[in-house]
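Have a look at final19.pdb; it's PDB, C-alpha atoms and all ligand atoms:
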ATOM      1  CA  MET A 289      15.221  18.268  93.866  1.00  0.00           C
ATOM      2  CA  LEU A 290      12.794  16.708  91.415  1.00  0.00           C
ATOM      3  CA  LYS A 291      12.768  12.938  91.059  1.00  0.00           C
ATOM      4  CA  ARG A 292      14.044  12.016  87.622  1.00  0.00           C
ATOM      5  CA  VAL A 293      11.231  10.249  85.762  1.00  0.00           C
ATOM      6  CA  GLU A 294      12.021   7.141  83.748  1.00  0.00           C
ATOM      7  CA  TYR A 295       9.803   4.945  81.613  1.00  0.00           C
ATOM      8  CA  PRO A 296       7.635   2.549  83.657  1.00  0.00           C
ATOM      9  CA  GLY A 297       9.229  -0.701  84.828  1.00  0.00           C
ATOM     10  CA  PRO A 298       8.265  -3.011  81.957  1.00  0.00           C
ATOM     11  CA  ILE A 299       9.658  -0.629  79.332  1.00  0.00           C
ATOM     12  CA  SER A 300      12.844  -0.011  81.332  1.00  0.00           C
ATOM     13  CA  GLU A 301      13.250  -3.761  81.721  1.00  0.00           C
ATOM     14  CA  LEU A 302      12.826  -4.295  77.969  1.00  0.00           C
ATOM     15  CA  VAL A 303      15.423  -1.586  77.274  1.00  0.00           C
ATOM     16  CA  ALA A 304      17.793  -3.259  79.737  1.00  0.00           C
ATOM     17  CA  GLN A 305      17.336  -6.677  78.069  1.00  0.00           C
ATOM     18  CA  LEU A 306      17.813  -5.257  74.566  1.00  0.00           C
ATOM     19  CA  ARG A 307      21.017  -3.528  75.655  1.00  0.00           C
ATOM     20  CA  ARG A 308      22.524  -6.905  76.502  1.00  0.00           C
ATOM     21  CA  MET A 309      22.374  -7.832  72.806  1.00  0.00           C
ATOM     22  CA  PRO A 310      25.440  -7.411  70.596  1.00  0.00           C
ATOM     23  CA  GLY A 311      25.509  -4.229  68.547  1.00  0.00           C
ATOM     24  CA  ILE A 312      22.604  -2.606  70.402  1.00  0.00           C
ATOM     25  CA  GLY A 313      23.505   0.575  72.247  1.00  0.00           C
ATOM     26  CA  PRO A 314      21.316   2.558  74.662  1.00  0.00           C
ATOM     27  CA  ARG A 315      19.646   4.673  71.957  1.00  0.00           C
ATOM     28  CA  SER A 316      18.811   1.694  69.732  1.00  0.00           C
ATOM     29  CA  ALA A 317      17.493  -0.232  72.727  1.00  0.00           C
ATOM     30  CA  GLU A 318      15.168   2.612  73.655  1.00  0.00           C
ATOM     31  CA  ARG A 319      14.017   3.080  70.048  1.00  0.00           C
ATOM     32  CA  ILE A 320      13.202  -0.636  69.684  1.00  0.00           C
ATOM     33  CA  ALA A 321      11.421  -0.812  73.051  1.00  0.00           C
ATOM     34  CA  LEU A 322       9.237   2.179  72.209  1.00  0.00           C
ATOM     35  CA  TRP A 323       8.506   0.826  68.760  1.00  0.00           C
ATOM     36  CA  MET A 324       7.345  -2.472  70.294  1.00  0.00           C
ATOM     37  CA  ASN A 325       5.134  -0.571  72.695  1.00  0.00           C
ATOM     38  CA  GLN A 326       3.655   1.917  70.230  1.00  0.00           C
ATOM     39  CA  SER A 327       3.683   0.564  66.695  1.00  0.00           C
ATOM     40  CA  ARG A 328       0.795  -1.401  65.243  1.00  0.00           C
ATOM     41  CA  ASP A 329       3.301  -3.259  63.064  1.00  0.00           C
ATOM     42  CA  ALA A 330       5.455  -4.450  65.943  1.00  0.00           C
ATOM     43  CA  ARG A 331       3.517  -7.672  66.746  1.00  0.00           C
ATOM     44  CA  PRO A 332       5.573  -8.279  69.923  1.00  0.00           C
ATOM     45  CA  GLY A 333       4.028 -11.732  70.466  1.00  0.00           C
ATOM     46  CA  GLU A 334       5.555 -12.953  67.201  1.00  0.00           C
ATOM     47  CA  ILE A 335       8.926 -11.507  68.148  1.00  0.00           C
ATOM     48  CA  ALA A 336       8.808 -13.132  71.575  1.00  0.00           C
ATOM     49  CA  ARG A 337       7.843 -16.511  70.075  1.00  0.00           C
ATOM     50  CA  ALA A 338      10.586 -16.287  67.426  1.00  0.00           C
ATOM     51  CA  ILE A 339      13.203 -15.499  70.075  1.00  0.00           C
ATOM     52  CA  LEU A 340      12.152 -18.490  72.181  1.00  0.00           C
ATOM     53  CA  ALA A 341      11.931 -20.830  69.192  1.00  0.00           C
ATOM     54  CA  ALA A 342      15.405 -19.881  67.972  1.00  0.00           C
ATOM     55  CA  ALA A 343      16.909 -20.080  71.439  1.00  0.00           C
ATOM     56  CA  GLU A 344      15.294 -23.328  72.555  1.00  0.00           C
ATOM     57  CA  GLY A 345      14.403 -25.173  69.348  1.00  0.00           C
ATOM     58  CA  ILE A 346      17.904 -25.336  67.869  1.00  0.00           C
ATOM     59  CA  GLN A 347      20.607 -27.840  68.758  1.00  0.00           C
ATOM     60  CA  PRO A 348      24.032 -28.582  67.273  1.00  0.00           C
ATOM     61  CA  CYS A 349      24.010 -31.396  64.701  1.00  0.00           C
ATOM     62  CA  VAL A 350      25.476 -34.531  66.304  1.00  0.00           C
ATOM     63  CA  ARG A 351      27.651 -35.148  63.248  1.00  0.00           C
ATOM     64  CA  CYS A 352      28.948 -31.779  62.062  1.00  0.00           C
ATOM     65  CA  GLY A 353      27.942 -29.288  64.752  1.00  0.00           C
ATOM     66  CA  PHE A 354      25.880 -27.071  62.434  1.00  0.00           C
ATOM     67  CA  PHE A 355      22.617 -25.527  63.682  1.00  0.00           C
ATOM     68  CA  SER A 356      19.766 -28.020  63.499  1.00  0.00           C
ATOM     69  CA  THR A 357      16.146 -28.476  64.532  1.00  0.00           C
ATOM     70  CA  GLY A 358      16.705 -32.229  64.954  1.00  0.00           C
ATOM     71  CA  PRO A 359      19.654 -34.464  65.883  1.00  0.00           C
ATOM     72  CA  VAL A 360      21.071 -34.396  62.327  1.00  0.00           C
ATOM     73  CA  CYS A 361      21.198 -31.180  60.281  1.00  0.00           C
ATOM     74  CA  GLU A 362      19.988 -30.431  56.775  1.00  0.00           C
ATOM     75  CA  ILE A 363      23.504 -30.618  55.313  1.00  0.00           C
ATOM     76  CA  CYS A 364      24.319 -34.020  56.816  1.00  0.00           C
ATOM     77  CA  SER A 365      20.895 -35.381  55.789  1.00  0.00           C
ATOM     78  CA  ASP A 366      21.379 -34.353  52.145  1.00  0.00           C
ATOM     79  CA  THR A 367      22.283 -37.554  50.295  1.00  0.00           C
ATOM     80  CA  SER A 368      23.130 -35.653  47.114  1.00  0.00           C
ATOM     81  CA  ARG A 369      26.226 -34.185  48.741  1.00  0.00           C
ATOM     82  CA  ASN A 370      29.711 -35.588  48.266  1.00  0.00           C
ATOM     83  CA  GLY A 371      30.346 -37.572  51.444  1.00  0.00           C
ATOM     84  CA  MET A 372      33.971 -38.207  50.438  1.00  0.00           C
ATOM     85  CA  LEU A 373      34.856 -34.572  51.062  1.00  0.00           C
ATOM     86  CA  LEU A 374      34.987 -33.197  54.590  1.00  0.00           C
ATOM     87  CA  CYS A 375      35.679 -29.561  55.373  1.00  0.00           C
ATOM     88  CA  VAL A 376      36.864 -28.812  58.910  1.00  0.00           C
ATOM     89  CA  VAL A 377      36.021 -25.374  60.312  1.00  0.00           C
ATOM     90  CA  GLU A 378      36.503 -23.758  63.696  1.00  0.00           C
ATOM     91  CA  GLN A 379      32.928 -22.726  64.401  1.00  0.00           C
ATOM     92  CA  ALA A 380      29.471 -23.719  63.183  1.00  0.00           C
ATOM     93  CA  THR A 381      29.072 -20.106  62.067  1.00  0.00           C
ATOM     94  CA  ASP A 382      31.887 -20.661  59.531  1.00  0.00           C
ATOM     95  CA  ILE A 383      29.757 -23.161  57.587  1.00  0.00           C
ATOM     96  CA  LEU A 384      27.232 -20.861  55.924  1.00  0.00           C
ATOM     97  CA  PRO A 385      29.841 -18.461  54.494  1.00  0.00           C
ATOM     98  CA  LEU A 386      31.422 -21.490  52.782  1.00  0.00           C
ATOM     99  CA  GLU A 387      28.015 -22.769  51.622  1.00  0.00           C
ATOM    100  CA  ARG A 388      27.204 -19.397  50.106  1.00  0.00           C
ATOM    101  CA  THR A 389      30.211 -19.607  47.805  1.00  0.00           C
ATOM    102  CA  GLY A 390      28.250 -22.340  45.990  1.00  0.00           C
ATOM    103  CA  VAL A 391      31.465 -24.155  45.038  1.00  0.00           C
ATOM    104  CA  TYR A 392      31.579 -26.727  47.829  1.00  0.00           C
ATOM    105  CA  ARG A 393      29.237 -29.729  47.960  1.00  0.00           C
ATOM    106  CA  GLY A 394      30.901 -31.897  50.578  1.00  0.00           C
ATOM    107  CA  LEU A 395      30.251 -32.256  54.304  1.00  0.00           C
ATOM    108  CA  TYR A 396      31.521 -30.244  57.257  1.00  0.00           C
ATOM    109  CA  HIS A 397      32.899 -30.703  60.725  1.00  0.00           C
ATOM    110  CA  ALA A 398      32.936 -27.824  63.209  1.00  0.00           C
ATOM    111  CA  LEU A 399      35.566 -28.147  65.936  1.00  0.00           C
ATOM    112  CA  GLY A 400      33.947 -25.688  68.328  1.00  0.00           C
ATOM    113  CA  GLY A 401      37.067 -23.506  68.461  1.00  0.00           C
ATOM    114  CA  ARG A 402      40.789 -23.846  67.947  1.00  0.00           C
ATOM    115  CA  ILE A 403      43.749 -24.872  70.010  1.00  0.00           C
ATOM    116  CA  ALA A 404      44.674 -21.818  72.092  1.00  0.00           C
ATOM    117  CA  PRO A 405      46.996 -22.606  75.023  1.00  0.00           C
ATOM    118  CA  LEU A 406      46.826 -19.041  76.337  1.00  0.00           C
ATOM    119  CA  ASP A 407      43.046 -19.351  76.675  1.00  0.00           C
ATOM    120  CA  HIS A 408      43.397 -22.878  78.116  1.00  0.00           C
ATOM    121  CA  VAL A 409      41.818 -24.489  75.044  1.00  0.00           C
ATOM    122  CA  GLY A 410      43.545 -27.800  74.349  1.00  0.00           C
ATOM    123  CA  PRO A 411      42.683 -30.464  71.748  1.00  0.00           C
ATOM    124  CA  GLU A 412      40.475 -32.289  74.256  1.00  0.00           C
ATOM    125  CA  GLU A 413      38.187 -29.254  74.514  1.00  0.00           C
ATOM    126  CA  LEU A 414      37.460 -29.446  70.772  1.00  0.00           C
ATOM    127  CA  ARG A 415      35.550 -31.972  68.688  1.00  0.00           C
ATOM    128  CA  ILE A 416      38.779 -33.573  67.460  1.00  0.00           C
ATOM    129  CA  ASP A 417      38.101 -37.116  68.737  1.00  0.00           C
ATOM    130  CA  GLU A 418      34.739 -36.948  66.980  1.00  0.00           C
ATOM    131  CA  LEU A 419      36.514 -35.884  63.785  1.00  0.00           C
ATOM    132  CA  LEU A 420      38.969 -38.777  63.931  1.00  0.00           C
ATOM    133  CA  GLN A 421      36.171 -41.271  64.598  1.00  0.00           C
ATOM    134  CA  ARG A 422      34.143 -39.777  61.771  1.00  0.00           C
ATOM    135  CA  VAL A 423      36.807 -40.189  59.130  1.00  0.00           C
ATOM    136  CA  ASP A 424      37.350 -43.787  60.279  1.00  0.00           C
ATOM    137  CA  VAL A 425      33.671 -44.595  59.827  1.00  0.00           C
ATOM    138  CA  GLU A 426      32.807 -42.414  56.838  1.00  0.00           C
ATOM    139  CA  LYS A 427      36.122 -43.024  55.053  1.00  0.00           C
ATOM    140  CA  GLN A 428      36.511 -39.655  53.380  1.00  0.00           C
ATOM    141  CA  GLU A 429      39.021 -39.218  50.547  1.00  0.00           C
ATOM    142  CA  GLU A 430      39.943 -35.661  51.331  1.00  0.00           C
ATOM    143  CA  VAL A 431      39.786 -33.477  54.403  1.00  0.00           C
ATOM    144  CA  ILE A 432      39.947 -29.735  53.784  1.00  0.00           C
ATOM    145  CA  LEU A 433      41.154 -27.639  56.690  1.00  0.00           C
ATOM    146  CA  ALA A 434      39.425 -24.261  56.529  1.00  0.00           C
ATOM    147  CA  LEU A 435      40.705 -22.698  59.719  1.00  0.00           C
ATOM    148  CA  GLY A 436      41.672 -19.120  60.498  1.00  0.00           C
ATOM    149  CA  ALA A 437      44.875 -17.756  58.988  1.00  0.00           C
ATOM    150  CA  ASP A 438      46.215 -16.516  62.326  1.00  0.00           C
ATOM    151  CA  VAL A 439      48.759 -18.257  64.566  1.00  0.00           C
ATOM    152  CA  GLU A 440      46.230 -20.342  66.502  1.00  0.00           C
ATOM    153  CA  GLY A 441      44.373 -21.374  63.353  1.00  0.00           C
ATOM    154  CA  GLU A 442      47.673 -22.430  61.787  1.00  0.00           C
ATOM    155  CA  ALA A 443      48.721 -24.375  64.865  1.00  0.00           C
ATOM    156  CA  THR A 444      45.380 -26.180  64.953  1.00  0.00           C
ATOM    157  CA  ALA A 445      45.653 -26.978  61.238  1.00  0.00           C
ATOM    158  CA  ASN A 446      49.173 -28.382  61.686  1.00  0.00           C
ATOM    159  CA  TYR A 447      48.038 -30.520  64.593  1.00  0.00           C
ATOM    160  CA  LEU A 448      45.075 -31.926  62.660  1.00  0.00           C
ATOM    161  CA  ALA A 449      47.033 -32.385  59.429  1.00  0.00           C
ATOM    162  CA  GLU A 450      49.473 -34.684  61.210  1.00  0.00           C
ATOM    163  CA  LEU A 451      46.748 -36.805  62.832  1.00  0.00           C
ATOM    164  CA  LEU A 452      44.750 -37.089  59.609  1.00  0.00           C
ATOM    165  CA  ALA A 453      47.771 -37.806  57.421  1.00  0.00           C
ATOM    166  CA  GLU A 454      48.649 -40.723  59.740  1.00  0.00           C
ATOM    167  CA  LYS A 455      45.342 -42.239  58.692  1.00  0.00           C
ATOM    168  CA  GLY A 456      46.361 -42.011  55.041  1.00  0.00           C
ATOM    169  CA  LEU A 457      43.889 -39.247  54.209  1.00  0.00           C
ATOM    170  CA  ARG A 458      44.550 -36.533  51.676  1.00  0.00           C
ATOM    171  CA  VAL A 459      44.685 -33.334  53.717  1.00  0.00           C
ATOM    172  CA  THR A 460      44.430 -29.961  52.010  1.00  0.00           C
ATOM    173  CA  ARG A 461      44.178 -26.421  53.296  1.00  0.00           C
ATOM    174  CA  ILE A 462      42.280 -23.566  51.792  1.00  0.00           C
ATOM    175  CA  ALA A 463      44.602 -21.029  50.212  1.00  0.00           C
ATOM    176  CA  GLN A 464      45.721 -18.033  52.200  1.00  0.00           C
ATOM    177  CA  GLY A 465      43.870 -14.783  51.818  1.00  0.00           C
ATOM    178  CA  LEU A 466      41.512 -14.991  54.744  1.00  0.00           C
ATOM    179  CA  PRO A 467      41.686 -11.973  57.021  1.00  0.00           C
ATOM    180  CA  ALA A 468      44.253 -12.722  59.717  1.00  0.00           C
ATOM    181  CA  GLY A 469      42.584 -13.243  63.065  1.00  0.00           C
ATOM    182  CA  GLY A 470      39.192 -12.483  61.580  1.00  0.00           C
ATOM    183  CA  GLY A 471      38.190 -16.057  60.957  1.00  0.00           C
ATOM    184  CA  LEU A 472      35.934 -17.217  58.169  1.00  0.00           C
ATOM    185  CA  GLU A 473      32.926 -15.234  59.249  1.00  0.00           C
ATOM    186  CA  SER A 474      34.381 -11.940  58.071  1.00  0.00           C
ATOM    187  CA  ALA A 475      35.637 -13.235  54.709  1.00  0.00           C
ATOM    188  CA  ASP A 476      33.593 -12.401  51.636  1.00  0.00           C
ATOM    189  CA  GLU A 477      32.232 -15.032  49.256  1.00  0.00           C
ATOM    190  CA  LEU A 478      34.648 -14.357  46.406  1.00  0.00           C
ATOM    191  CA  THR A 479      37.669 -14.589  48.702  1.00  0.00           C
ATOM    192  CA  LEU A 480      36.303 -17.817  50.157  1.00  0.00           C
ATOM    193  CA  SER A 481      35.547 -19.470  46.823  1.00  0.00           C
ATOM    194  CA  ARG A 482      39.057 -18.578  45.608  1.00  0.00           C
ATOM    195  CA  ALA A 483      40.497 -19.907  48.844  1.00  0.00           C
ATOM    196  CA  LEU A 484      38.591 -23.176  48.342  1.00  0.00           C
ATOM    197  CA  ALA A 485      39.571 -23.504  44.688  1.00  0.00           C
ATOM    198  CA  GLY A 486      43.215 -22.800  45.534  1.00  0.00           C
ATOM    199  CA  ARG A 487      43.458 -25.367  48.309  1.00  0.00           C
ATOM    200  CA  ARG A 488      46.639 -27.378  48.452  1.00  0.00           C
TER     201      ARG A 488
HETATM  202 ZN    ZN B   1      25.299 -31.817  60.303  1.00  0.00          ZN
END
Just give me the structure of the file as structure tokens.
Ligand SMILES: [Zn+2]
Amino acid sequence: MLKRVEYPGPISELVAQLRRMPGIGPRSAERIALWMNQSRDARPGEIARAILAAAEGIQPCVRCGFFSTGPVCEICSDTSRNGMLLCVVEQATDILPLERTGVYRGLYHALGGRIAPLDHVGPEELRIDELLQRVDVEKQEEVILALGADVEGEATANYLAELLAEKGLRVTRIAQGLPAGGGLESADELTLSRALAGRR
């Protein structure tokens, strides 16, 4: 029986690494690996450097949790923003969809998840203490809860609303209409700007 020939080790290894990435199946992985090997336009050194820079040069902002190249992110450093408004989201990836609506000019706070007892995520696993300390120091007027519309998002919002209301803060929630269970990431800009405008 003939030995089945595969691409040489380095190409097979590249295919294997690419396949670990989300949304990349075996055919795409092979196509990309061969393109990097064969195309003049591929410039693999630039790709490798960009991957390392994005993976190692980015840290969560110490204040809001958004992606940052330094301790404090671009949003938190922007003095033209309305520091009296704070929008609480589940994940740092929820921030840009809200920014892209163009209707919100306040600050953010990413919790790093939501309260999910079945997955053993309690309040202490989230950046809730940081949130409570923040509003004490920064003295916001309004906190907008922009959490997912599913059961866990609702439960987290209820929990936070109680704690924040005890501090005398105005607590609002973005209007319903976000895809249930989908989180903010999958909501389109129009839906999000309506949800922000209709907060209550
Ligand atoms: Zn920040």
### Task
For the structure provided, state which residues fall under the PyMOL selection byres (((not hetatm)) within 6 of (chain B and resi 1)), and present them as JSON, numbers by chain.
{"A": [349, 351, 352, 353, 354, 360, 361, 363, 364]}
### Query
If you apply the PyMOL selection byres (((chain A and resi 398) around 7) and not hetatm) to this file, what residues do you get, as an MDAnalysis selection string?
chainID A and resid 352:353 376:380 396:397 399:400
### Query
Nearest to Leu420 of chain A among A:Glu454, A:Glu387, A:Asp407, A:Asp438, with distances taken over only C-alpha atoms: which residue is it?
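Looking at the shortest contact to Leu420 of chain A, the residue is A:Glu454.
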### Task
Do a neighbour search on segment 442-450 of chain A at 8 Å with only C-alpha atoms, toss out local chain neighbours closer than 6 positions, and write the hits as number ranges by chain.
A: 402-403, 433, 435-436, 459
#### Entry: Residue neighbourhood segment 321-324 of chain A, 7 Å, all atoms listed in the file, exclusion window fewer than 6 positions, as a list in words
Ile299, Leu302, Val303, Ala330 and Pro332 of chain A
### Query
With all atoms listed in the file as the atoms that count, which of A:Leu480, A:Leu373, A:Leu386, A:Ala485 lies nearest to Glu430 of chain A?
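Answer, going by the shortest atom-to-atom distance: A:Leu373.
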